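Asks: Input file: protein_15.csv. Contents: CSV, C-alpha atoms.
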```csv
chain,number,residue,atom,x,y,z
A,19,MET,CA,93.9,146.1,62.1
A,20,ALA,CA,91.4,144.9,64.7
A,21,ARG,CA,92.4,145.5,68.3
A,22,ARG,CA,93.0,142.3,70.2
A,23,ILE,CA,90.8,142.1,73.3
A,24,ARG,CA,92.7,140.9,76.3
A,25,LYS,CA,91.3,138.6,79.0
A,26,THR,CA,91.2,140.6,82.3
A,27,ILE,CA,90.3,139.8,85.9
A,28,LEU,CA,90.6,141.6,89.3
A,29,GLY,CA,92.5,140.2,92.2
A,30,LYS,CA,94.4,140.7,95.5
A,31,LYS,CA,98.1,140.1,96.3
A,32,LEU,CA,98.3,137.4,98.9
A,33,GLY,CA,102.1,137.3,99.3
A,34,MET,CA,105.3,135.8,97.8
A,35,SER,CA,106.7,132.3,98.1
A,36,GLN,CA,109.1,130.0,96.2
A,37,MET,CA,108.5,126.8,94.2
A,38,PHE,CA,110.2,124.6,91.7
A,39,ASP,CA,109.5,125.2,88.0
A,40,ASP,CA,109.3,122.5,85.3
A,41,SER,CA,113.1,122.5,84.9
A,42,GLY,CA,113.7,121.9,88.6
A,43,ASN,CA,114.8,125.5,89.3
A,44,TRP,CA,113.8,127.2,92.5
A,45,VAL,CA,112.0,130.4,91.5
A,46,PRO,CA,110.3,133.2,93.4
A,47,VAL,CA,106.5,133.4,92.8
A,48,THR,CA,103.6,135.7,93.9
A,49,LEU,CA,100.3,134.3,95.0
A,50,ILE,CA,97.2,136.2,93.8
A,51,GLU,CA,93.6,135.7,94.7
A,52,ALA,CA,92.1,136.2,91.3
A,53,GLY,CA,88.3,136.5,91.2
A,54,PRO,CA,85.5,135.6,91.3
A,55,CYS,CA,84.3,139.0,90.0
A,56,THR,CA,80.8,140.1,89.5
A,57,VAL,CA,79.5,141.9,86.4
A,58,LEU,CA,78.0,145.2,87.5
A,59,GLN,CA,77.3,147.0,84.2
A,60,VAL,CA,77.7,146.3,80.5
A,61,LYS,CA,78.5,149.5,78.6
A,62,ASN,CA,77.9,149.9,74.8
A,63,ASN,CA,78.3,152.4,72.1
A,64,ASP,CA,74.7,153.4,71.9
A,65,ASN,CA,74.3,154.4,75.6
A,66,ASP,CA,77.8,155.2,76.7
A,67,GLY,CA,79.9,155.9,73.6
A,68,TYR,CA,82.2,153.0,74.1
A,69,GLU,CA,82.2,149.3,75.0
A,70,ALA,CA,83.3,148.0,78.4
A,71,VAL,CA,82.3,145.7,81.2
A,72,GLN,CA,82.3,147.0,84.7
A,73,ILE,CA,83.1,144.4,87.3
A,74,GLY,CA,83.5,144.3,91.1
A,75,PHE,CA,85.7,142.2,93.4
A,76,ASP,CA,85.9,141.4,97.1
A,77,PRO,CA,82.3,141.6,98.6
A,78,THR,CA,82.0,143.7,101.8
A,79,HIS,CA,79.2,144.5,104.3
A,80,LYS,CA,80.6,148.1,104.6
A,81,ASP,CA,78.2,150.8,103.5
A,82,PRO,CA,79.5,152.1,100.1
A,83,GLY,CA,77.4,155.3,100.3
A,84,LYS,CA,74.2,156.2,98.4
A,85,PRO,CA,75.5,156.5,94.8
A,86,MET,CA,77.4,153.2,94.7
A,87,GLY,CA,74.9,151.6,97.1
A,88,GLY,CA,72.1,152.2,94.5
A,89,HIS,CA,74.4,150.9,91.8
A,90,PHE,CA,74.9,147.6,93.6
A,91,ASP,CA,71.2,147.3,94.6
A,92,LYS,CA,70.2,147.8,91.0
A,93,VAL,CA,72.1,144.7,90.1
A,94,GLY,CA,71.1,142.9,93.2
A,95,VAL,CA,74.6,142.1,94.5
A,96,GLN,CA,76.5,142.7,97.6
A,97,ALA,CA,78.7,145.9,97.8
A,98,GLN,CA,82.2,145.3,96.2
A,99,ARG,CA,85.4,146.9,97.5
A,100,TYR,CA,87.2,147.1,94.1
A,101,VAL,CA,85.4,148.2,91.0
A,102,GLN,CA,87.0,148.5,87.5
A,103,GLU,CA,86.1,148.6,83.9
A,104,ILE,CA,87.6,145.9,81.6
A,105,PRO,CA,87.4,145.3,77.8
A,106,PRO,CA,84.4,143.3,76.6
A,107,ILE,CA,85.0,139.5,76.9
A,108,GLU,CA,85.6,138.1,73.4
A,109,GLY,CA,83.1,135.6,72.3
A,110,GLN,CA,81.0,135.8,75.5
A,111,ASP,CA,77.8,137.7,76.2
A,112,VAL,CA,77.8,138.8,79.9
A,113,GLU,CA,74.9,140.2,81.9
A,114,PRO,CA,74.8,142.2,85.1
A,115,GLY,CA,75.0,139.9,88.1
A,116,GLN,CA,77.0,137.2,86.3
A,117,ALA,CA,80.2,135.9,87.9
A,118,ILE,CA,83.6,135.8,86.1
A,119,ASP,CA,86.2,133.5,87.5
A,120,LEU,CA,89.8,132.4,86.7
A,121,SER,CA,88.6,129.8,84.2
A,122,ILE,CA,88.7,132.5,81.5
A,123,PHE,CA,92.6,132.4,81.8
A,124,GLU,CA,92.8,128.8,80.7
A,125,GLY,CA,95.7,128.4,78.3
A,126,VAL,CA,97.1,131.9,79.1
A,127,GLU,CA,100.9,131.6,79.6
A,128,MET,CA,101.9,135.3,80.3
A,129,VAL,CA,100.1,138.1,82.2
A,130,ASP,CA,100.5,141.8,82.9
A,131,VAL,CA,99.8,142.8,86.5
A,132,GLN,CA,98.9,146.4,87.6
A,133,GLY,CA,98.6,147.7,91.1
A,134,THR,CA,99.6,150.5,93.4
A,135,SER,CA,103.2,150.4,94.6
A,136,LYS,CA,104.2,150.7,98.3
A,137,GLY,CA,104.2,154.3,99.5
A,138,LYS,CA,107.5,155.4,101.0
A,139,GLY,CA,106.6,159.0,102.0
A,140,PHE,CA,108.5,162.2,101.1
A,141,ALA,CA,112.0,161.4,99.8
A,142,GLY,CA,115.0,163.3,98.6
A,143,THR,CA,116.6,162.9,95.2
A,144,VAL,CA,119.3,160.6,96.5
A,145,LYS,CA,116.7,158.0,97.5
A,146,ARG,CA,114.0,158.8,95.0
A,147,TRP,CA,116.1,159.2,91.8
A,148,ASN,CA,119.4,157.6,92.8
A,149,HIS,CA,121.4,160.9,92.6
A,150,SER,CA,125.0,160.9,93.7
A,151,ILE,CA,125.8,162.5,97.1
A,152,GLY,CA,128.1,165.5,97.6
A,153,PRO,CA,131.5,165.6,99.4
A,154,LYS,CA,131.4,164.4,103.0
A,155,SER,CA,134.3,166.4,104.3
A,156,HIS,CA,136.1,169.8,104.3
A,157,GLY,CA,133.1,171.6,105.7
A,158,SER,CA,130.6,170.5,103.0
A,159,LYS,CA,127.0,171.4,103.8
A,160,SER,CA,125.4,169.7,100.7
A,161,LYS,CA,126.0,166.0,101.2
A,162,ARG,CA,122.4,165.0,100.3
A,163,GLN,CA,121.0,168.3,99.0
A,164,ILE,CA,119.7,168.6,95.5
A,165,GLY,CA,122.0,171.4,94.3
A,166,SER,CA,121.2,173.7,91.4
A,167,THR,CA,117.8,173.2,89.9
A,168,GLY,CA,117.8,175.8,87.1
A,169,MET,CA,119.9,177.9,84.8
A,170,MET,CA,121.0,181.5,84.9
A,171,GLN,CA,119.4,184.2,82.8
A,172,ASP,CA,118.6,181.9,79.9
A,173,PRO,CA,116.1,180.3,80.2
A,174,GLY,CA,115.9,181.5,83.8
A,175,ARG,CA,113.5,178.9,85.1
A,176,VAL,CA,113.3,175.3,86.3
A,177,ILE,CA,112.6,173.0,83.3
A,178,LYS,CA,109.5,170.8,83.5
A,179,GLY,CA,110.2,167.2,84.5
A,180,LYS,CA,113.2,168.2,86.7
A,181,LYS,CA,113.9,165.4,89.2
A,182,MET,CA,113.1,166.9,92.6
A,183,PRO,CA,112.3,165.7,96.1
A,184,GLY,CA,108.7,164.5,96.6
A,185,GLN,CA,106.3,161.7,97.3
A,186,MET,CA,108.0,158.3,96.6
A,187,GLY,CA,105.9,155.3,95.7
A,188,SER,CA,102.1,155.0,96.1
A,189,ALA,CA,101.8,155.2,92.3
A,190,LYS,CA,100.2,153.0,89.6
A,191,VAL,CA,102.7,150.5,88.4
A,192,LYS,CA,102.3,147.7,85.7
A,193,VAL,CA,104.7,144.7,85.5
A,194,ARG,CA,104.6,143.1,82.1
A,195,ASN,CA,105.1,139.5,80.9
A,196,LEU,CA,105.0,137.5,84.1
A,197,LYS,CA,105.0,133.8,83.5
A,198,VAL,CA,101.9,131.9,84.8
A,199,ILE,CA,103.1,129.1,87.0
A,200,GLU,CA,99.6,127.9,88.0
A,201,ALA,CA,96.0,129.0,87.5
A,202,ASN,CA,93.5,127.2,89.8
A,203,PRO,CA,89.9,128.3,89.2
A,204,GLU,CA,88.6,126.1,92.1
A,205,LYS,CA,90.7,127.9,94.6
A,206,ASN,CA,90.7,131.3,92.8
A,207,LEU,CA,94.5,131.1,93.0
A,208,LEU,CA,96.8,132.5,90.3
A,209,VAL,CA,100.6,131.9,90.8
A,210,VAL,CA,103.0,134.0,88.7
A,211,ARG,CA,106.7,134.0,88.5
A,212,GLY,CA,108.4,137.1,90.0
A,213,ALA,CA,107.1,140.1,92.0
A,214,VAL,CA,104.0,142.3,91.5
A,215,PRO,CA,103.4,145.9,92.7
A,216,GLY,CA,102.2,146.7,96.2
A,217,ALA,CA,102.1,145.2,99.7
A,218,ASN,CA,100.2,142.1,100.7
A,219,GLY,CA,96.5,142.9,100.3
A,220,THR,CA,96.9,145.3,97.4
A,221,TYR,CA,94.2,145.1,94.7
A,222,LEU,CA,95.5,144.1,91.3
A,223,THR,CA,94.3,144.1,87.7
A,224,VAL,CA,95.6,141.0,85.9
A,225,GLU,CA,95.6,141.1,82.0
A,226,GLU,CA,96.6,138.6,79.4
A,227,SER,CA,100.0,139.8,78.0
A,228,LEU,CA,100.1,141.0,74.4
```
Please, can you express the file's structure as structure tokens?
Replies:
Amino acid sequence: MARRIRKTILGKKLGMSQMFDDSGNWVPVTLIEAGPCTVLQVKNNDNDGYEAVQIGFDPTHKDPGKPMGGHFDKVGVQAQRYVQEIPPIEGQDVEPGQAIDLSIFEGVEMVDVQGTSKGKGFAGTVKRWNHSIGPKSHGSKSKRQIGSTGMMQDPGRVIKGKKMPGQMGSAKVKVRNLKVIEANPEKNLLVVRGAVPGANGTYLTVEESL
């Protein structure tokens, strides 16, 4: 069975708001600046071993360094802050330097949004994994400690995947099946129902839902 190619665009989280839906219900929404994106490279099976389109988003005057600077100069475009590869655009031949905007999402009703979640620093298991706390009285010294992490002689080690204290957040997260409330190519504005990962200003990858 042929793999369905999903429409994809890069964007930036602007923030959350509220609005009325078609049924008159007051719903939470997220505003996303989606595109325009610039095609930087078209990869194919002959040269690269796979097919993809490399696109960039959010032009900047900041020096990207020699390797990426040469990459942008080759295409003749301004340096981009966010660069990603997306699947080939179905039924459309794209060339380096070409712009992709939100108009490709015409008729799309549901999207998946991927971004980096808010970083919350080092956290214990109570906050990070919702573990229960220990007794608070009678001289207890293990109110929020992790407790035992391994077994005795057999197997005598800590099992892989054990939920431990560590870095919480700042991880790649994808939220699926968000309803598209509005897609405005003229303003590069995509409005989806619900929340998406990350703080305001987080770069996002928006895909058509399967």
Asks: Please provide as a count of residues only all residues within 8 Å of Lys180 of chain A, with the sequence filter that same-chain residues fewer than 3 positions apart are discarded (counting all atoms listed in the file).
Replies: 3
Asks: Quote the spacing between atom CA of Met128 of chain A and atom CA of Gly115 of chain A in Å to one decimal place.
Replies: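 About the pair atom CA of Met128 of chain A and atom CA of Gly115 of chain A: they are 28.4 Å apart.
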Asks: For a test of reading the model, state the distance in Å between atom CA of Pro183 of chain A and atom CA of Tyr221 of chain A, rounded to one decimal.
Replies: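 Atom-to-atom, atom CA of Pro183 of chain A and atom CA of Tyr221 of chain A are spaced 27.5 Å apart.
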Asks: To one decimal place in Å, what is the distance between atom CA of Gly53 of chain A and atom CA of Lys136 of chain A?
Replies: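 For atom CA of Gly53 of chain A relative to atom CA of Lys136 of chain A, the distance reads 22.5 Å.
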Asks: Out of A:Thr134, A:Gln72, A:Thr143, A:Thr48, which residue has the shortest atom-to-atom distance to Met182 of chain A when counting all atoms listed in the file?
Replies: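 Checking each candidate against Met182 of chain A, we get A:Thr143 as the closest.
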